[in-house]
Amino acid sequence: MLYSLLNGGKRIRPVLVYLACEFCGGSAEQADLPAAAIEMVHSYSLVHDDLPAMDNDELRRGKPTCHIAFDEATAILAGDALLTSAFELLSQPGERYQPAQQLAMIQCLSRAAGEHGMVQGQAFDLSHVGKALTVEALQQMHALKTGALITAALELGALAANCGNSDQLNALRQFGQHIGLAFQVKDDLLDIEADTVTLGKPSGSDQVRNKPTYPSLLGLAPCKALLQQLLHQAEDALKPFGDRARPLLQLADYIVRRSY
Ligand code: GRG
């Protein structure tokens with residue numbers, strides 16, 4: 001569990017929890033537990049995604065994947081425990097949250113991770129390998145597979161701050177949808193750059209697995225234009241909040257400009 005959880009990673013989802021919590025007037029201490037919980041869920045999804053029955057990857061973040069470093073059974077169990085422990089963390093008794101807040105956070109994270117979110121997106125993805133997809137279907141798949149958890153990170157931050165302002169909540173959700181999609185479009189573009197740099201395509205590449213990607217469906221230039229459009233839409237969603245939104249906008253900018 002520690003090998004995969006502490007093995008680097010950009011920590012985008014926990015950072016979003018902290019920033020959304022701050023945006024809604026909450027403290028870093030209030031964001032700590034949901035930030036850790038969502039990273040644990042993310043980490044579990046990567047451990048299981050790398051397994052031979054799924055994407056069968058040997059490297060993650062430049063190091064051996066969990067099932068290579070240990071063995072397959074250990075990786076399955078480490079993923080299971082990361083997922084379960086995330087909810088143990090969110091439900092732990094204490095003074096930090098009201099019980100209704102804890103319930104809302106548990107519901108938010110379980111919904112985004114489970115059959116209505118990430119797991120459904122992953123199932124859709126696996127069942128469409130080698131098949132043609134429309135851009136709309138690709139978008140729907142990514143909205144579930146990666147977007148749901150990114151939007152949940154923002155909602156968790158708002159819930160941790162006990163945010164009762166529906167304008168702020170709606171703006172955060174819209175912002176989440178745009179940056180969630182931007183995250184995936186950027187990921188596809190980075191995949192192409194990695195393929196070009198290494199000449200021999202890396203085994204982890206979606207291009208190699210014959211999975212549809214944004215650049216393969218839209219073309220490179222329209223894909224880059226879409227990325228900029230999504231960034232502007234994300235900025236527009238938070239515009240009414242002025243300076244208060246600046247840290248979240250800086251993160252959106254990072255998602256679009258990142259090099260890995
Ligand atoms: C196994 C139920 C289950 C789900 C797996 C998220 C996922 C679903 C699979 C990951 C496959 C993948 C590489 C998708 C592309 C987008 C993505 C989620 C990349 C990894 O997220 P980052 O870039 O990872 O935030 P780091 O390493 O920074 O934590």
# chains A, B, ... in the order shown; residues from 1 in each chain; ligands from 1
>>> residues_near_ligand(ligand="ligand 1", cutoff="9 Å", atoms="only C-alpha atoms and all ligand atoms", output="PyMOL selection string")
chain A and resi 5+7-13+39+42-51+54-55+60-61+79+113-114+118-123+125+142+145-147+149+183-184+187-188+204-206+260
>>> residues_around(residues="Phe124 in chain A", least_positions_apart="2", cutoff="12 Å", atoms="only C-alpha atoms", output="CSV table (one decimal) with all heavy atoms, in the first residue's frame")
chain,number,residue,atom,x,y,z
A,115,GLU,N,-19.7,2.3,-9.3
A,115,GLU,CA,-20.4,1.9,-10.5
A,115,GLU,C,-20.9,3.0,-11.3
A,115,GLU,O,-21.2,2.9,-12.5
A,115,GLU,CB,-21.4,0.8,-10.3
A,115,GLU,CG,-22.6,1.3,-9.5
A,115,GLU,CD,-23.8,0.4,-9.6
A,115,GLU,OE1,-24.2,0.1,-10.7
A,115,GLU,OE2,-24.4,0.1,-8.6
A,116,HIS,N,-21.2,4.2,-10.6
A,116,HIS,CA,-21.7,5.3,-11.4
A,116,HIS,C,-20.6,6.3,-11.8
A,116,HIS,O,-20.9,7.3,-12.4
A,116,HIS,CB,-22.7,6.1,-10.5
A,116,HIS,CG,-23.8,5.3,-9.9
A,116,HIS,ND1,-24.7,4.8,-10.8
A,116,HIS,CD2,-24.1,4.8,-8.7
A,116,HIS,CE1,-25.6,4.1,-10.0
A,116,HIS,NE2,-25.2,4.1,-8.8
A,117,GLY,N,-19.3,5.9,-11.5
A,117,GLY,CA,-18.2,6.8,-11.9
A,117,GLY,C,-17.0,6.0,-12.5
A,117,GLY,O,-17.1,5.4,-13.5
A,118,MET,N,-15.9,6.1,-11.7
A,118,MET,CA,-14.7,5.5,-12.3
A,118,MET,C,-14.7,4.1,-12.7
A,118,MET,O,-14.2,3.7,-13.8
A,118,MET,CB,-13.6,5.7,-11.2
A,118,MET,CG,-12.2,5.3,-11.7
A,118,MET,SD,-11.0,5.7,-10.4
A,118,MET,CE,-11.4,4.6,-9.1
A,119,VAL,N,-15.4,3.2,-11.9
A,119,VAL,CA,-15.4,1.8,-12.3
A,119,VAL,C,-16.2,1.6,-13.6
A,119,VAL,O,-15.8,0.8,-14.5
A,119,VAL,CB,-16.0,0.9,-11.1
A,119,VAL,CG1,-16.3,-0.5,-11.6
A,119,VAL,CG2,-15.0,0.9,-10.0
A,120,GLN,N,-17.3,2.4,-13.7
A,120,GLN,CA,-18.1,2.3,-15.0
A,120,GLN,C,-17.2,2.7,-16.2
A,120,GLN,O,-17.2,2.1,-17.2
A,120,GLN,CB,-19.4,3.1,-14.9
A,120,GLN,CG,-20.3,2.8,-16.0
A,120,GLN,CD,-21.5,3.8,-16.0
A,120,GLN,OE1,-21.8,4.3,-17.1
A,120,GLN,NE2,-22.1,4.1,-14.9
A,121,GLY,N,-16.5,3.8,-16.0
A,121,GLY,CA,-15.6,4.3,-17.0
A,121,GLY,C,-14.6,3.3,-17.4
A,121,GLY,O,-14.3,3.1,-18.6
A,122,GLN,N,-14.0,2.6,-16.4
A,122,GLN,CA,-13.0,1.6,-16.7
A,122,GLN,C,-13.6,0.4,-17.4
A,122,GLN,O,-13.0,-0.1,-18.4
A,122,GLN,CB,-12.3,1.2,-15.4
A,122,GLN,CG,-11.3,0.1,-15.5
A,122,GLN,CD,-9.9,0.6,-15.9
A,122,GLN,OE1,-9.8,1.7,-16.4
A,122,GLN,NE2,-8.9,-0.2,-15.8
A,126,LEU,N,-12.4,-0.9,-21.1
A,126,LEU,CA,-11.9,-2.2,-21.4
A,126,LEU,C,-12.8,-2.9,-22.4
A,126,LEU,O,-12.3,-3.7,-23.2
A,126,LEU,CB,-11.9,-3.0,-20.1
A,126,LEU,CG,-10.8,-2.6,-19.0
A,126,LEU,CD1,-11.0,-3.4,-17.7
A,126,LEU,CD2,-9.4,-2.8,-19.6
A,127,SER,N,-14.1,-2.6,-22.4
A,127,SER,CA,-14.9,-3.4,-23.4
A,127,SER,C,-14.9,-2.7,-24.8
A,127,SER,O,-15.5,-3.2,-25.7
A,127,SER,CB,-16.4,-3.4,-22.8
A,127,SER,OG,-16.9,-2.1,-22.7
A,128,HIS,N,-14.2,-1.6,-24.9
A,128,HIS,CA,-14.1,-1.0,-26.2
A,128,HIS,C,-12.7,-1.0,-26.9
A,128,HIS,O,-12.5,-0.3,-27.9
A,128,HIS,CB,-14.6,0.5,-26.1
A,128,HIS,CG,-16.1,0.5,-26.1
A,128,HIS,ND1,-16.8,0.3,-24.9
A,128,HIS,CD2,-17.1,0.8,-27.0
A,128,HIS,CE1,-18.1,0.3,-25.2
A,128,HIS,NE2,-18.3,0.7,-26.4
A,129,VAL,N,-11.8,-1.8,-26.2
A,129,VAL,CA,-10.5,-1.8,-26.8
A,129,VAL,C,-10.6,-2.4,-28.3
A,129,VAL,O,-11.2,-3.4,-28.5
A,129,VAL,CB,-9.5,-2.7,-26.0
A,129,VAL,CG1,-8.2,-2.9,-26.7
A,129,VAL,CG2,-9.4,-2.1,-24.6
A,131,LYS,N,-12.2,-1.2,-30.7
A,131,LYS,CA,-13.5,-0.8,-31.4
A,131,LYS,C,-13.5,0.7,-31.6
A,131,LYS,O,-12.8,1.5,-30.9
A,131,LYS,CB,-14.7,-1.1,-30.5
A,131,LYS,CG,-14.8,-2.6,-30.3
A,131,LYS,CD,-16.1,-2.9,-29.5
A,131,LYS,CE,-16.2,-4.3,-29.0
A,131,LYS,NZ,-17.1,-4.5,-27.9
A,133,LEU,N,-14.8,4.5,-31.7
A,133,LEU,CA,-15.6,5.3,-30.7
A,133,LEU,C,-15.9,6.6,-31.3
A,133,LEU,O,-15.0,7.2,-32.0
A,133,LEU,CB,-14.8,5.5,-29.4
A,133,LEU,CG,-14.9,4.5,-28.2
A,133,LEU,CD1,-14.3,5.1,-27.0
A,133,LEU,CD2,-16.4,4.2,-27.9
A,137,ALA,N,-18.7,9.6,-27.3
A,137,ALA,CA,-18.6,8.4,-26.4
A,137,ALA,C,-17.2,8.4,-25.7
A,137,ALA,O,-17.2,8.0,-24.5
A,137,ALA,CB,-18.7,7.1,-27.3
A,138,LEU,N,-16.2,8.9,-26.4
A,138,LEU,CA,-14.9,9.0,-25.7
A,138,LEU,C,-15.0,10.0,-24.5
A,138,LEU,O,-14.4,9.7,-23.4
A,138,LEU,CB,-13.8,9.5,-26.7
A,138,LEU,CG,-12.4,9.5,-26.2
A,138,LEU,CD1,-11.8,8.2,-26.0
A,138,LEU,CD2,-11.5,10.3,-27.2
A,139,GLN,N,-15.6,11.1,-24.8
A,139,GLN,CA,-15.8,12.1,-23.7
A,139,GLN,C,-16.6,11.5,-22.5
A,139,GLN,O,-16.2,11.8,-21.4
A,139,GLN,CB,-16.6,13.3,-24.4
A,139,GLN,CG,-16.6,14.5,-23.5
A,139,GLN,CD,-16.8,15.7,-24.3
A,139,GLN,OE1,-16.3,15.8,-25.5
A,139,GLN,NE2,-17.5,16.7,-23.8
A,140,GLN,N,-17.6,10.8,-22.8
A,140,GLN,CA,-18.4,10.2,-21.8
A,140,GLN,C,-17.6,9.2,-20.9
A,140,GLN,O,-17.7,9.2,-19.7
A,140,GLN,CB,-19.7,9.5,-22.4
A,140,GLN,CG,-20.6,8.8,-21.4
A,140,GLN,CD,-21.1,9.7,-20.3
A,140,GLN,OE1,-21.1,11.0,-20.5
A,140,GLN,NE2,-21.7,9.2,-19.3
A,141,MET,N,-16.8,8.4,-21.7
A,141,MET,CA,-15.9,7.4,-21.0
A,141,MET,C,-15.0,8.1,-20.0
A,141,MET,O,-14.8,7.7,-18.9
A,141,MET,CB,-15.2,6.6,-22.0
A,141,MET,CG,-14.5,5.4,-21.5
A,141,MET,SD,-12.7,5.7,-21.3
A,141,MET,CE,-12.1,5.8,-22.9
A,142,HIS,N,-14.3,9.2,-20.5
A,142,HIS,CA,-13.3,9.9,-19.7
A,142,HIS,C,-14.0,10.7,-18.6
A,142,HIS,O,-13.4,10.8,-17.5
A,142,HIS,CB,-12.5,10.8,-20.5
A,142,HIS,CG,-11.5,10.1,-21.4
A,142,HIS,ND1,-10.7,9.1,-20.8
A,142,HIS,CD2,-11.2,10.1,-22.7
A,142,HIS,CE1,-9.9,8.6,-21.8
A,142,HIS,NE2,-10.2,9.2,-22.9
A,143,ALA,N,-15.2,11.2,-18.8
A,143,ALA,CA,-15.9,11.9,-17.8
A,143,ALA,C,-16.1,11.0,-16.6
A,143,ALA,O,-16.1,11.4,-15.4
A,143,ALA,CB,-17.3,12.4,-18.3
A,144,LEU,N,-16.4,9.7,-16.9
A,144,LEU,CA,-16.6,8.7,-15.8
A,144,LEU,C,-15.2,8.2,-15.2
A,144,LEU,O,-15.0,8.2,-14.0
A,144,LEU,CB,-17.3,7.5,-16.3
A,144,LEU,CG,-18.8,7.8,-16.7
A,144,LEU,CD1,-19.4,6.6,-17.5
A,144,LEU,CD2,-19.7,7.9,-15.4
A,145,LYS,N,-14.3,7.9,-16.1
A,145,LYS,CA,-13.1,7.2,-15.7
A,145,LYS,C,-12.1,8.2,-14.9
A,145,LYS,O,-11.6,7.8,-13.9
A,145,LYS,CB,-12.4,6.7,-16.9
A,145,LYS,CG,-11.2,5.7,-16.6
A,145,LYS,CD,-10.6,5.1,-17.9
A,145,LYS,CE,-9.1,5.0,-17.7
A,145,LYS,NZ,-8.5,4.4,-18.9
A,211,LYS,N,-6.3,2.0,-28.5
A,211,LYS,CA,-7.5,2.7,-27.8
A,211,LYS,C,-7.7,4.0,-28.5
A,211,LYS,O,-6.7,4.7,-28.8
A,211,LYS,CB,-7.1,2.9,-26.4
A,211,LYS,CG,-7.3,1.7,-25.5
A,211,LYS,CD,-7.1,2.1,-24.0
A,211,LYS,CE,-7.1,1.0,-23.1
A,211,LYS,NZ,-6.9,1.4,-21.7
>>> closest_atom_pairs(of="range 36-68 of chain A", to="range 95-108 of chain A", cutoff="12 Å", atoms="only C-alpha atoms", output="CSV")
residue,atom,partner,partner_atom,distance
A:Ala37,CA,A:Ile106,CA,9.7
A:Ile38,CA,A:Met105,CA,10.4
A:Val41,CA,A:Ile106,CA,12.0
>>> atom_distance(atom1="CA of Ile68 in chain A", atom2="CA of Thr84 in chain A")
22.4 Å
